[in-house]
$ cat work33.json   # JSON, C-alpha atoms and all ligand atoms
[["chain", "number", "residue", "atom", "x", "y", "z"],
["A", 325, "MET", "CA", 101.58, 98.30, 85.27],
["A", 326, "SER", "CA", 100.14, 100.48, 87.93],
["A", 327, "VAL", "CA", 97.40, 102.92, 88.31],
["A", 328, "ALA", "CA", 95.87, 104.97, 91.05],
["A", 329, "VAL", "CA", 92.10, 105.39, 91.02],
["A", 330, "SER", "CA", 90.34, 108.15, 92.88],
["A", 331, "THR", "CA", 86.69, 109.07, 93.10],
["A", 332, "PRO", "CA", 85.55, 112.62, 92.33],
["A", 333, "GLN", "CA", 82.51, 113.88, 94.18],
["A", 334, "PRO", "CA", 79.81, 116.01, 92.54],
["A", 335, "TRP", "CA", 79.30, 119.59, 93.53],
["A", 336, "PRO", "CA", 75.96, 121.10, 94.54],
["A", 337, "GLY", "CA", 73.58, 121.56, 91.65],
["A", 338, "GLN", "CA", 74.83, 118.54, 89.69],
["A", 339, "PRO", "CA", 74.00, 115.66, 92.02],
["A", 340, "ASP", "CA", 73.61, 113.00, 89.34],
["A", 341, "ALA", "CA", 76.19, 114.04, 86.82],
["A", 342, "HIS", "CA", 78.76, 111.53, 88.06],
["A", 343, "GLN", "CA", 76.39, 108.59, 88.12],
["A", 344, "PRO", "CA", 77.00, 107.31, 84.56],
["A", 345, "TYR", "CA", 80.72, 107.19, 85.21],
["A", 346, "PRO", "CA", 81.52, 105.19, 88.32],
["A", 347, "ALA", "CA", 85.16, 105.59, 89.26],
["A", 348, "GLU", "CA", 85.57, 101.91, 90.02],
["A", 349, "PRO", "CA", 84.41, 98.98, 87.93],
["A", 350, "PRO", "CA", 81.89, 96.74, 89.71],
["A", 351, "ARG", "CA", 83.82, 94.39, 91.96],
["A", 352, "ALA", "CA", 83.13, 90.69, 91.81],
["A", 353, "PRO", "CA", 82.01, 89.29, 95.17],
["A", 354, "LEU", "CA", 84.61, 87.72, 97.40],
["A", 355, "PRO", "CA", 84.17, 84.02, 98.13],
["A", 356, "GLN", "CA", 82.65, 84.67, 101.55],
["A", 357, "GLU", "CA", 80.12, 87.06, 99.98],
["A", 358, "THR", "CA", 78.55, 84.51, 97.67],
["A", 359, "ALA", "CA", 75.42, 82.65, 98.58],
["A", 360, "GLY", "CA", 76.21, 79.19, 99.90],
["A", 361, "GLY", "CA", 75.32, 76.09, 97.93],
["A", 362, "THR", "CA", 75.16, 77.70, 94.47],
["A", 363, "PRO", "CA", 78.06, 76.64, 92.27],
["A", 364, "ALA", "CA", 79.60, 79.61, 90.47],
["A", 365, "SER", "CA", 79.96, 79.58, 86.68],
["A", 366, "LEU", "CA", 83.40, 79.75, 85.08],
["A", 367, "PRO", "CA", 83.03, 83.43, 83.99],
["A", 368, "GLU", "CA", 82.03, 84.30, 87.57],
["A", 369, "LEU", "CA", 85.03, 82.46, 88.97],
["A", 370, "LEU", "CA", 87.36, 84.25, 86.54],
["A", 371, "THR", "CA", 86.19, 87.71, 87.62],
["A", 372, "ARG", "CA", 86.61, 87.13, 91.33],
["A", 373, "GLU", "CA", 89.17, 88.81, 93.54],
["A", 374, "TYR", "CA", 90.60, 86.79, 96.41],
["A", 375, "PRO", "CA", 91.90, 88.32, 99.65],
["A", 376, "ALA", "CA", 95.62, 87.82, 100.17],
["A", 377, "GLY", "CA", 96.14, 89.60, 103.48],
["A", 378, "THR", "CA", 96.60, 93.21, 104.52],
["A", 379, "VAL", "CA", 99.60, 95.52, 104.66],
["A", 380, "ARG", "CA", 99.36, 98.52, 107.01],
["A", 381, "GLY", "CA", 95.62, 97.96, 107.15],
["A", 382, "ILE", "CA", 95.24, 97.97, 103.35],
["A", 383, "PRO", "CA", 93.51, 94.85, 101.96],
["A", 384, "ILE", "CA", 95.50, 93.09, 99.23],
["A", 385, "LEU", "CA", 93.40, 91.25, 96.65],
["A", 386, "VAL", "CA", 94.52, 88.88, 93.89],
["A", 387, "HIS", "CA", 92.50, 88.58, 90.70],
["A", 388, "ALA", "CA", 91.42, 85.06, 89.79],
["A", 389, "THR", "CA", 93.12, 85.24, 86.38],
["A", 390, "LEU", "CA", 96.55, 86.01, 87.82],
["A", 391, "PRO", "CA", 97.60, 82.34, 88.42],
["A", 392, "LEU", "CA", 96.39, 81.50, 84.91],
["A", 393, "PHE", "CA", 98.49, 84.32, 83.52],
["A", 394, "PHE", "CA", 101.58, 83.12, 85.34],
["A", 395, "ALA", "CA", 101.00, 79.55, 84.15],
["A", 396, "ALA", "CA", 100.56, 80.70, 80.54],
["A", 397, "GLN", "CA", 103.64, 82.89, 80.71],
["A", 398, "PHE", "CA", 105.67, 80.02, 82.16],
["A", 399, "LEU", "CA", 104.53, 77.41, 79.67],
["A", 400, "CYS", "CA", 104.68, 79.56, 76.52],
["A", 401, "SER", "CA", 108.39, 80.35, 76.78],
["A", 402, "PRO", "CA", 110.62, 78.57, 74.23],
["A", 403, "HIS", "CA", 113.52, 78.39, 76.73],
["A", 404, "TRP", "CA", 113.57, 75.29, 78.94],
["A", 405, "ASP", "CA", 117.13, 75.12, 80.23],
["A", 406, "ALA", "CA", 117.46, 75.02, 84.03],
["A", 407, "ALA", "CA", 118.51, 78.67, 84.41],
["A", 408, "SER", "CA", 115.61, 79.94, 82.28],
["A", 409, "VAL", "CA", 113.04, 77.82, 84.09],
["A", 410, "LEU", "CA", 114.34, 78.97, 87.49],
["A", 411, "SER", "CA", 114.34, 82.58, 86.32],
["A", 412, "ARG", "CA", 110.71, 82.35, 85.15],
["A", 413, "LEU", "CA", 109.68, 80.69, 88.39],
["A", 414, "VAL", "CA", 111.38, 83.27, 90.63],
["A", 415, "VAL", "CA", 111.59, 86.58, 88.72],
["A", 416, "GLY", "CA", 108.35, 86.08, 86.77],
["A", 417, "GLY", "CA", 106.51, 84.99, 89.93],
["A", 418, "PRO", "CA", 107.21, 86.12, 93.50],
["A", 419, "VAL", "CA", 109.72, 88.84, 92.56],
["A", 420, "LEU", "CA", 107.31, 90.40, 90.06],
["A", 421, "LEU", "CA", 104.40, 90.23, 92.52],
["A", 422, "GLY", "CA", 106.47, 91.69, 95.36],
["A", 423, "THR", "CA", 107.81, 94.46, 93.11],
["A", 424, "VAL", "CA", 104.34, 95.47, 91.92],
["A", 425, "LEU", "CA", 102.99, 95.30, 95.48],
["A", 426, "CYS", "CA", 105.74, 97.64, 96.72],
["A", 427, "HIS", "CA", 104.89, 100.01, 93.86],
["A", 428, "GLU", "CA", 101.21, 100.13, 94.79],
["A", 429, "LEU", "CA", 101.99, 100.46, 98.50],
["A", 430, "GLY", "CA", 104.14, 103.47, 97.58],
["A", 431, "HIS", "CA", 101.04, 105.12, 96.07],
["A", 432, "ALA", "CA", 98.82, 104.08, 99.00],
["A", 433, "VAL", "CA", 101.14, 105.28, 101.76],
["A", 434, "ALA", "CA", 101.81, 108.58, 99.99],
["A", 435, "CYS", "CA", 98.07, 109.07, 99.49],
["A", 436, "ARG", "CA", 97.49, 108.70, 103.21],
["A", 437, "ARG", "CA", 100.31, 111.18, 103.88],
["A", 438, "VAL", "CA", 98.49, 113.87, 101.89],
["A", 439, "GLY", "CA", 95.27, 113.23, 103.82],
["A", 440, "GLY", "CA", 93.67, 110.69, 101.49],
["A", 441, "THR", "CA", 92.52, 107.13, 101.90],
["A", 442, "ALA", "CA", 93.75, 103.81, 100.54],
["A", 443, "GLN", "CA", 90.87, 101.39, 100.05],
["A", 444, "ARG", "CA", 92.58, 98.32, 98.61],
["A", 445, "ILE", "CA", 95.25, 97.05, 96.25],
["A", 446, "LEU", "CA", 94.46, 94.63, 93.45],
["A", 447, "LEU", "CA", 97.10, 92.45, 91.80],
["A", 448, "TRP", "CA", 96.01, 91.37, 88.33],
["A", 449, "PRO", "CA", 97.66, 90.12, 85.12],
["A", 450, "LEU", "CA", 98.45, 93.64, 83.88],
["A", 451, "GLY", "CA", 100.15, 94.65, 87.14],
["A", 452, "GLY", "CA", 98.59, 96.37, 90.11],
["A", 453, "LEU", "CA", 95.78, 98.78, 90.87],
["A", 454, "ALA", "CA", 95.83, 100.98, 93.95],
["A", 455, "TYR", "CA", 92.31, 102.15, 94.82],
["A", 456, "ILE", "CA", 93.09, 105.42, 96.53],
["A", 457, "ALA", "CA", 91.35, 108.76, 96.91],
["A", 458, "HIS", "CA", 92.41, 112.23, 97.95],
["A", 459, "ASP", "CA", 91.50, 115.78, 97.06],
["A", 460, "ALA", "CA", 94.78, 117.47, 97.93],
["A", 461, "GLY", "CA", 95.33, 119.00, 94.49],
["A", 462, "GLU", "CA", 97.79, 118.67, 91.63],
["A", 463, "ARG", "CA", 101.11, 119.03, 93.48],
["A", 464, "SER", "CA", 100.17, 116.48, 96.12],
["A", 465, "ASP", "CA", 98.90, 114.17, 93.38],
["A", 466, "MET", "CA", 102.26, 114.39, 91.65],
["A", 467, "LEU", "CA", 103.92, 113.24, 94.88],
["A", 468, "VAL", "CA", 101.40, 110.39, 95.26],
["A", 469, "THR", "CA", 101.96, 109.40, 91.62],
["A", 470, "ILE", "CA", 105.75, 109.51, 91.80],
["A", 471, "ALA", "CA", 105.77, 107.57, 95.09],
["A", 472, "GLY", "CA", 104.87, 104.35, 93.26],
["A", 473, "PRO", "CA", 107.65, 104.30, 90.65],
["A", 474, "ALA", "CA", 110.09, 105.72, 93.23],
["A", 475, "THR", "CA", 109.94, 102.41, 95.13],
["A", 476, "HIS", "CA", 111.76, 100.77, 92.21],
["A", 477, "VAL", "CA", 114.95, 102.76, 92.93],
["A", 478, "PRO", "CA", 115.75, 101.22, 96.33],
["A", 479, "GLN", "CA", 114.51, 97.84, 95.12],
["A", 480, "ALA", "CA", 116.87, 97.97, 92.13],
["A", 481, "LEU", "CA", 119.77, 98.99, 94.39],
["A", 482, "VAL", "CA", 119.09, 96.09, 96.77],
["A", 483, "TRP", "CA", 119.10, 93.60, 93.87],
["A", 484, "LEU", "CA", 122.32, 95.17, 92.50],
["A", 485, "VAL", "CA", 124.06, 94.85, 95.87],
["A", 486, "LEU", "CA", 122.86, 91.25, 96.24],
["A", 487, "ALA", "CA", 124.09, 90.44, 92.73],
["A", 488, "ALA", "CA", 127.50, 91.96, 93.42],
["A", 489, "ALA", "CA", 127.81, 90.25, 96.81],
["A", 490, "SER", "CA", 126.81, 86.83, 95.52],
["A", 491, "ASN", "CA", 128.94, 86.67, 92.40],
["A", 492, "GLU", "CA", 131.90, 85.08, 94.18],
["A", 493, "GLY", "CA", 133.86, 88.26, 94.62],
["A", 494, "HIS", "CA", 133.70, 89.27, 90.94],
["A", 495, "GLY", "CA", 131.03, 91.98, 91.38],
["A", 496, "VAL", "CA", 128.59, 92.62, 88.58],
["A", 497, "SER", "CA", 131.23, 93.49, 85.99],
["A", 498, "HIS", "CA", 132.22, 89.84, 85.67],
["A", 499, "GLY", "CA", 130.46, 88.16, 82.77],
["A", 500, "ALA", "CA", 130.06, 84.63, 84.23],
["A", 501, "TYR", "CA", 127.28, 85.02, 86.77],
["A", 502, "ASN", "CA", 126.12, 82.29, 89.08],
["A", 503, "THR", "CA", 122.41, 81.50, 89.07],
["A", 504, "PHE", "CA", 121.55, 83.61, 92.13],
["A", 505, "ALA", "CA", 123.47, 86.62, 90.79],
["A", 506, "LEU", "CA", 121.70, 86.21, 87.44],
["A", 507, "ILE", "CA", 118.29, 86.24, 89.15],
["A", 508, "CYS", "CA", 119.29, 89.32, 91.15],
["A", 509, "LEU", "CA", 120.35, 91.14, 87.96],
["A", 510, "GLN", "CA", 117.13, 90.19, 86.20],
["A", 511, "SER", "CA", 115.16, 91.45, 89.20],
["A", 512, "MET", "CA", 117.11, 94.72, 89.06],
["A", 513, "ARG", "CA", 116.33, 95.08, 85.34],
["A", 514, "LEU", "CA", 112.67, 94.37, 86.06],
["A", 515, "ASN", "CA", 112.60, 97.25, 88.53],
["A", 516, "LEU", "CA", 114.31, 99.63, 86.12],
["A", 517, "LEU", "CA", 111.90, 98.61, 83.35],
["A", 518, "LEU", "CA", 108.84, 99.20, 85.55],
["A", 519, "LEU", "CA", 110.28, 102.53, 86.72],
["A", 520, "CYS", "CA", 110.75, 103.81, 83.17],
["A", 521, "PHE", "CA", 107.55, 102.34, 81.71],
["A", 522, "ASN", "CA", 105.31, 103.76, 84.43],
["A", 523, "LEU", "CA", 107.00, 107.10, 84.92],
["A", 524, "PHE", "CA", 108.08, 108.19, 81.44],
["A", 525, "LEU", "CA", 105.24, 106.94, 79.25],
["A", 526, "PRO", "CA", 102.61, 109.74, 79.31],
["A", 527, "ALA", "CA", 99.69, 107.37, 78.77],
["A", 528, "TYR", "CA", 96.72, 107.77, 81.07],
["A", 529, "PRO", "CA", 95.95, 106.02, 83.43],
["A", 530, "LEU", "CA", 99.60, 105.03, 83.86],
["A", 531, "ASP", "CA", 101.61, 107.15, 86.28],
["A", 532, "GLY", "CA", 103.21, 109.10, 83.43],
["A", 533, "GLY", "CA", 99.75, 110.01, 82.12],
["A", 534, "ARG", "CA", 98.66, 111.21, 85.55],
["A", 535, "LEU", "CA", 101.78, 113.37, 85.76],
["A", 536, "LEU", "CA", 100.96, 114.82, 82.33],
["A", 537, "VAL", "CA", 97.46, 115.75, 83.54],
["A", 538, "ASP", "CA", 98.80, 117.38, 86.70],
["A", 539, "ALA", "CA", 101.49, 119.26, 84.79],
["A", 540, "LEU", "CA", 98.97, 120.65, 82.28],
["A", 541, "LEU", "CA", 96.59, 121.72, 85.06],
["A", 542, "LEU", "CA", 99.43, 123.45, 86.91],
["A", 543, "ARG", "CA", 100.26, 125.32, 83.69],
["A", 544, "GLY", "CA", 96.75, 126.72, 83.71],
["A", 545, "TRP", "CA", 95.02, 124.32, 81.30],
["A", 546, "ARG", "CA", 91.28, 123.77, 81.81],
["A", 547, "MET", "CA", 89.78, 120.35, 82.33],
["A", 548, "GLU", "CA", 88.50, 119.73, 78.81],
["A", 549, "PRO", "CA", 91.68, 120.55, 76.86],
["A", 550, "THR", "CA", 93.70, 118.67, 79.47],
["A", 551, "ALA", "CA", 91.50, 115.59, 79.11],
["A", 552, "ARG", "CA", 91.57, 115.89, 75.32],
["A", 553, "ALA", "CA", 95.38, 116.07, 75.25],
["A", 554, "ALA", "CA", 95.75, 113.17, 77.71],
["A", 555, "GLY", "CA", 93.12, 111.09, 75.91],
["A", 556, "TRP", "CA", 94.61, 111.47, 72.44],
["A", 557, "ALA", "CA", 98.20, 111.09, 73.66],
["A", 558, "SER", "CA", 97.15, 107.85, 75.36],
["A", 559, "ALA", "CA", 95.33, 106.64, 72.24],
["A", 560, "VAL", "CA", 98.39, 107.23, 70.04],
["A", 561, "LEU", "CA", 100.71, 105.57, 72.55],
["A", 562, "ALA", "CA", 98.33, 102.63, 72.91],
["A", 563, "ALA", "CA", 98.38, 102.14, 69.13],
["A", 564, "GLY", "CA", 102.18, 102.28, 69.14],
["A", 565, "LEU", "CA", 102.44, 99.79, 72.00],
["A", 566, "ALA", "CA", 100.01, 97.44, 70.27],
["A", 567, "CYS", "CA", 102.09, 97.50, 67.06],
["A", 568, "TRP", "CA", 105.25, 96.91, 69.05],
["A", 569, "GLY", "CA", 103.62, 94.04, 70.94],
["A", 570, "VAL", "CA", 102.47, 92.38, 67.69],
["A", 571, "VAL", "CA", 105.86, 92.77, 65.98],
["A", 572, "ALA", "CA", 107.76, 91.54, 69.06],
["A", 573, "GLY", "CA", 105.27, 88.75, 69.75],
["A", 574, "ASN", "CA", 104.65, 90.19, 73.22],
["A", 575, "VAL", "CA", 101.05, 89.25, 74.04],
["A", 576, "LEU", "CA", 101.15, 90.99, 77.42],
["A", 577, "MET", "CA", 102.08, 94.29, 75.75],
["A", 578, "VAL", "CA", 99.13, 93.93, 73.36],
["A", 579, "PHE", "CA", 96.78, 93.52, 76.35],
["A", 580, "VAL", "CA", 98.37, 96.50, 78.12],
["A", 581, "ALA", "CA", 97.93, 98.56, 74.94],
["A", 582, "ALA", "CA", 94.28, 97.48, 74.70],
["A", 583, "TRP", "CA", 93.67, 98.52, 78.31],
["A", 584, "ILE", "CA", 95.30, 101.93, 77.78],
["A", 585, "GLY", "CA", 93.39, 102.34, 74.50],
["A", 586, "LYS", "CA", 90.06, 101.58, 76.17],
["A", 587, "SER", "CA", 90.79, 104.09, 78.94],
["A", 588, "ALA", "CA", 91.70, 106.68, 76.29],
["A", 589, "LEU", "CA", 88.48, 106.06, 74.36],
["A", 590, "ASP", "CA", 86.46, 106.38, 77.60],
["A", 591, "VAL", "CA", 87.99, 109.82, 78.18],
["A", 592, "ILE", "CA", 87.48, 110.90, 74.55],
["A", 593, "ASN", "CA", 83.84, 109.73, 74.63],
["A", 594, "LYS", "CA", 83.13, 111.59, 77.87],
["A", 595, "LEU", "CA", 84.32, 114.79, 76.20],
["A", 596, "LYS", "CA", 81.30, 114.48, 73.88],
["A", 597, "VAL", "CA", 78.95, 114.92, 76.88],
["A", 598, "PRO", "CA", 79.04, 118.54, 78.09],
["A", 599, "GLY", "CA", 80.42, 118.76, 81.61],
["A", 600, "ALA", "CA", 80.86, 115.01, 82.07],
["A", 601, "ILE", "CA", 84.65, 115.07, 82.07],
["A", 602, "ALA", "CA", 84.66, 117.07, 85.32],
["A", 603, "PHE", "CA", 83.54, 113.92, 87.13],
["A", 604, "ASP", "CA", 86.11, 111.61, 85.61],
["A", 605, "PRO", "CA", 88.57, 109.99, 88.05],
["A", 606, "MET", "CA", 91.24, 111.89, 86.12],
["A", 607, "PHE", "CA", 90.25, 114.96, 88.13],
["A", 608, "GLY", "CA", 89.20, 113.24, 91.37],
["A", 609, "HIS", "CA", 92.24, 114.62, 93.19],
["A", 610, "LEU", "CA", 91.18, 118.24, 92.75],
["A", 611, "PRO", "CA", 89.44, 120.03, 95.63],
["A", 612, "LEU", "CA", 85.84, 120.98, 94.89],
["A", 613, "ALA", "CA", 86.56, 124.68, 94.43],
["A", 614, "ARG", "CA", 89.45, 123.93, 92.07],
["A", 615, "ARG", "CA", 87.32, 121.62, 89.94],
["A", 616, "GLN", "CA", 84.57, 124.22, 89.72],
["A", 617, "GLU", "CA", 87.16, 126.81, 88.67],
["A", 618, "LEU", "CA", 88.77, 124.60, 86.03],
["A", 619, "ALA", "CA", 85.42, 123.46, 84.63],
["A", 620, "GLN", "CA", 84.41, 127.03, 83.83],
["A", 621, "PRO", "CA", 84.96, 128.36, 80.31],
["A", 622, "ASP", "CA", 88.18, 130.24, 79.82],
["A", 623, "LYS", "CA", 87.90, 134.00, 80.56],
["A", 624, "GLN", "CA", 89.23, 134.85, 77.09],
["A", 625, "GLN", "CA", 86.58, 132.64, 75.52],
["A", 626, "MET", "CA", 83.91, 134.40, 77.60],
["A", 627, "LEU", "CA", 85.11, 137.83, 76.49],
["A", 628, "GLY", "CA", 85.12, 136.69, 72.86],
["A", 629, "THR", "CA", 81.49, 135.68, 72.94],
["A", 630, "VAL", "CA", 80.10, 138.84, 74.57],
["A", 701, "ZN", "ZN", 101.91, 103.48, 89.74]]

$ encode --input "work33.json" --output "C-alpha cells" --more "lines below"
Ligand SMILES: [Zn+2]
Amino acid sequence: MSVAVSTPQPWPGQPDAHQPYPAEPPRAPLPQETAGGTPASLPELLTREYPAGTVRGIPILVHATLPLFFAAQFLCSPHWDAASVLSRLVVGGPVLLGTVLCHELGHAVACRRVGGTAQRILLWPLGGLAYIAHDAGERSDMLVTIAGPATHVPQALVWLVLAAASNEGHGVSHGAYNTFALICLQSMRLNLLLLCFNLFLPAYPLDGGRLLVDALLLRGWRMEPTARAAGWASAVLAAGLACWGVVAGNVLMVFVAAWIGKSALDVINKLKVPGAIAFDPMFGHLPLARRQELAQPDKQQMLGTV
C-alpha cells in the first residue's frame, strides 16, 4: 500500500481555511525528541516512528507497530513446513520492506524531478507513505504517481531472472522449484500484486485514486465533483475490499479497506463545508492559479443563475 501526501497552501483572502484539515497527521516524537527520564506509556510507544536511515537525503522512518505486524503475520499462518516458514521470513519480511521502500522512493525521486520536495518515507503495517509535495499540476502528478508502481516492473523482472537462473537449468517453466527459486517467484508475484493493486484500483488515496482525480481534472471537471466522484468510488471499493477480506479471512485487507474507507469519509465530509475541499491534499499538487480556477463555479452554472 502506498500513498503520496502533499500539502496545499491557501490563497490570499482565505488564510485560515486550510487549518482544520492538516495534510499530515500529527507525528509522534522520535525517541531523541522525548524528554529524558519520563517512561513512555504503551500507547505512546506504539505510535512512535523510528529513524531507519536515509536514502538520497530522504529520511526513512519505521512505525513502531511494524515489527508487531510482522510477528503476528508470521505466527498466525497455519503452514509450518520449512519452505513456508522460510518464505514468510524472507518474502514477508525484508523482501516486502525493500519492495515497498523502492515504490515510495520512486514517488519521492519523481517528485523532486518535477520541482517538488520529498520530506520523508514512513514504513508502516499497511505499506508505505511518501510525504512529498509539489505544485506542478495534473500531468506531472500523474508521472509522480505512476513512478511508484513502475518500480515493480524492473523488480519483478529481476526476481524472474533470478528464479530462472537458480532453478538448476530448468528455467521457470519447470514445476519442481528449489527453495531459492520458489522465494524468487513469490517475490516476483508480490511485485506484480502491488503493481496491480496500487495502479488499477481507483481508490483514493491509493495511486489509482490519485490517477482518477488527475484524469477527471484534465477532462475539465471542477474540484467538488471530482472529489465527490473519488470519495464515493473509494467508499464503494473500501466496502468491497472489506467484504472480500472478511470472506477470505484476510485481516490485513480489512484494515486496508478501513483506512481507504476513512479517507473516503473524510473527503465526503469536507464536501459538506463550502470551499473546504479546495484545501484537501487531494488537490495539493495544483498550482495556486489552477486551484482558484477549478474552485470557481462552472460557467454554465453561473449563466443559469443570472
Ligand atoms: Zn504509490

$ residues_near_ligand --input "work33.json" --ligand "ligand ZN 701 (chain A)" --cutoff "10 Å" --atoms "all atoms listed in the file" --output "ChimeraX atom specification"
/A:325-328,424,426-432,451-454,468-475,518-519,521-523,529-532,534

$ write_last_selection --input "work33.json" --atoms "C-alpha atoms" --output "tab-separated table (two decimals), in the frame of the given file"
chain	number	residue	atom	x	y	z
A	325	MET	CA	101.58	98.30	85.27
A	326	SER	CA	100.14	100.48	87.93
A	327	VAL	CA	97.40	102.92	88.31
A	328	ALA	CA	95.87	104.97	91.05
A	424	VAL	CA	104.34	95.47	91.92
A	426	CYS	CA	105.74	97.64	96.72
A	427	HIS	CA	104.89	100.01	93.86
A	428	GLU	CA	101.21	100.13	94.79
A	429	LEU	CA	101.99	100.46	98.50
A	430	GLY	CA	104.14	103.47	97.58
A	431	HIS	CA	101.04	105.12	96.07
A	432	ALA	CA	98.82	104.08	99.00
A	451	GLY	CA	100.15	94.65	87.14
A	452	GLY	CA	98.59	96.37	90.11
A	453	LEU	CA	95.78	98.78	90.87
A	454	ALA	CA	95.83	100.98	93.95
A	468	VAL	CA	101.40	110.39	95.26
A	469	THR	CA	101.96	109.40	91.62
A	470	ILE	CA	105.75	109.51	91.80
A	471	ALA	CA	105.77	107.57	95.09
A	472	GLY	CA	104.87	104.35	93.26
A	473	PRO	CA	107.65	104.30	90.65
A	474	ALA	CA	110.09	105.72	93.23
A	475	THR	CA	109.94	102.41	95.13
A	518	LEU	CA	108.84	99.20	85.55
A	519	LEU	CA	110.28	102.53	86.72
A	521	PHE	CA	107.55	102.34	81.71
A	522	ASN	CA	105.31	103.76	84.43
A	523	LEU	CA	107.00	107.10	84.92
A	529	PRO	CA	95.95	106.02	83.43
A	530	LEU	CA	99.60	105.03	83.86
A	531	ASP	CA	101.61	107.15	86.28
A	532	GLY	CA	103.21	109.10	83.43
A	534	ARG	CA	98.66	111.21	85.55

$ residues_around --input "work33.json" --residues "Ile507 of chain A" --least-positions-apart "4" --cutoff "10 Å" --atoms "all atoms listed in the file" --output "list of chain:residue names"
A:Ala407, A:Ser408, A:Leu410, A:Ser411, A:Arg412, A:Val414, A:Val415, A:Val419, A:Trp483, A:Leu486, A:Ala487, A:Tyr501, A:Asn502, A:Thr503, A:Ser511, A:Met512, A:Arg513

$ residues_around --input "work33.json" --residues "Asp538 of chain A" --least-positions-apart "5" --cutoff "12 Å" --atoms "only C-alpha atoms" --output "PDB file with C-alpha atoms, in the coordinates of the input"
ATOM      1  CA  ALA A 460      94.780 117.470  97.930  1.00  0.00           C
ATOM      2  CA  GLY A 461      95.330 119.000  94.490  1.00  0.00           C
ATOM      3  CA  GLU A 462      97.790 118.670  91.630  1.00  0.00           C
ATOM      4  CA  ARG A 463     101.110 119.030  93.480  1.00  0.00           C
ATOM      5  CA  SER A 464     100.170 116.480  96.120  1.00  0.00           C
ATOM      6  CA  ASP A 465      98.900 114.170  93.380  1.00  0.00           C
ATOM      7  CA  MET A 466     102.260 114.390  91.650  1.00  0.00           C
ATOM      8  CA  LEU A 467     103.920 113.240  94.880  1.00  0.00           C
ATOM      9  CA  VAL A 468     101.400 110.390  95.260  1.00  0.00           C
ATOM     10  CA  THR A 469     101.960 109.400  91.620  1.00  0.00           C
ATOM     11  CA  ILE A 470     105.750 109.510  91.800  1.00  0.00           C
ATOM     12  CA  PRO A 526     102.610 109.740  79.310  1.00  0.00           C
ATOM     13  CA  TYR A 528      96.720 107.770  81.070  1.00  0.00           C
ATOM     14  CA  ASP A 531     101.610 107.150  86.280  1.00  0.00           C
ATOM     15  CA  GLY A 532     103.210 109.100  83.430  1.00  0.00           C
ATOM     16  CA  GLY A 533      99.750 110.010  82.120  1.00  0.00           C
ATOM     17  CA  ARG A 543     100.260 125.320  83.690  1.00  0.00           C
ATOM     18  CA  GLY A 544      96.750 126.720  83.710  1.00  0.00           C
ATOM     19  CA  TRP A 545      95.020 124.320  81.300  1.00  0.00           C
ATOM     20  CA  ARG A 546      91.280 123.770  81.810  1.00  0.00           C
ATOM     21  CA  MET A 547      89.780 120.350  82.330  1.00  0.00           C
ATOM     22  CA  THR A 550      93.700 118.670  79.470  1.00  0.00           C
ATOM     23  CA  ALA A 551      91.500 115.590  79.110  1.00  0.00           C
ATOM     24  CA  ALA A 554      95.750 113.170  77.710  1.00  0.00           C
ATOM     25  CA  MET A 606      91.240 111.890  86.120  1.00  0.00           C
ATOM     26  CA  PHE A 607      90.250 114.960  88.130  1.00  0.00           C
ATOM     27  CA  GLY A 608      89.200 113.240  91.370  1.00  0.00           C
ATOM     28  CA  HIS A 609      92.240 114.620  93.190  1.00  0.00           C
ATOM     29  CA  LEU A 610      91.180 118.240  92.750  1.00  0.00           C
TER      30      LEU A 610
END

$ atom_distance --input "work33.json" --atom1 "atom CA of Met577 of chain A" --atom2 "atom CA of Trp404 of chain A"
22.4 Å

$ closest_residue --input "work33.json" --among "A:Ala527, A:Leu446, A:Leu535, A:Leu481" --to "Leu509 of chain A" --atoms "only C-alpha atoms"
A:Leu481

$ closest_residue --input "work33.json" --among "A:Gly377, A:Pro611, A:Pro391, A:Gly417" --to "Gly440 of chain A" --atoms "only C-alpha atoms"
A:Pro611

$ atom_distance --input "work33.json" --atom1 "atom CA of Leu618 of chain A" --atom2 "atom CA of Arg436 of chain A"
25.0 Å

$ closest_residue --input "work33.json" --among "A:Thr423, A:Gly555, A:Ala376, A:Tyr455" --to "Pro478 of chain A" --atoms "only C-alpha atoms"
A:Thr423

$ atom_distance --input "work33.json" --atom1 "atom CA of Tyr374 of chain A" --atom2 "atom CA of His387 of chain A"
6.3 Å
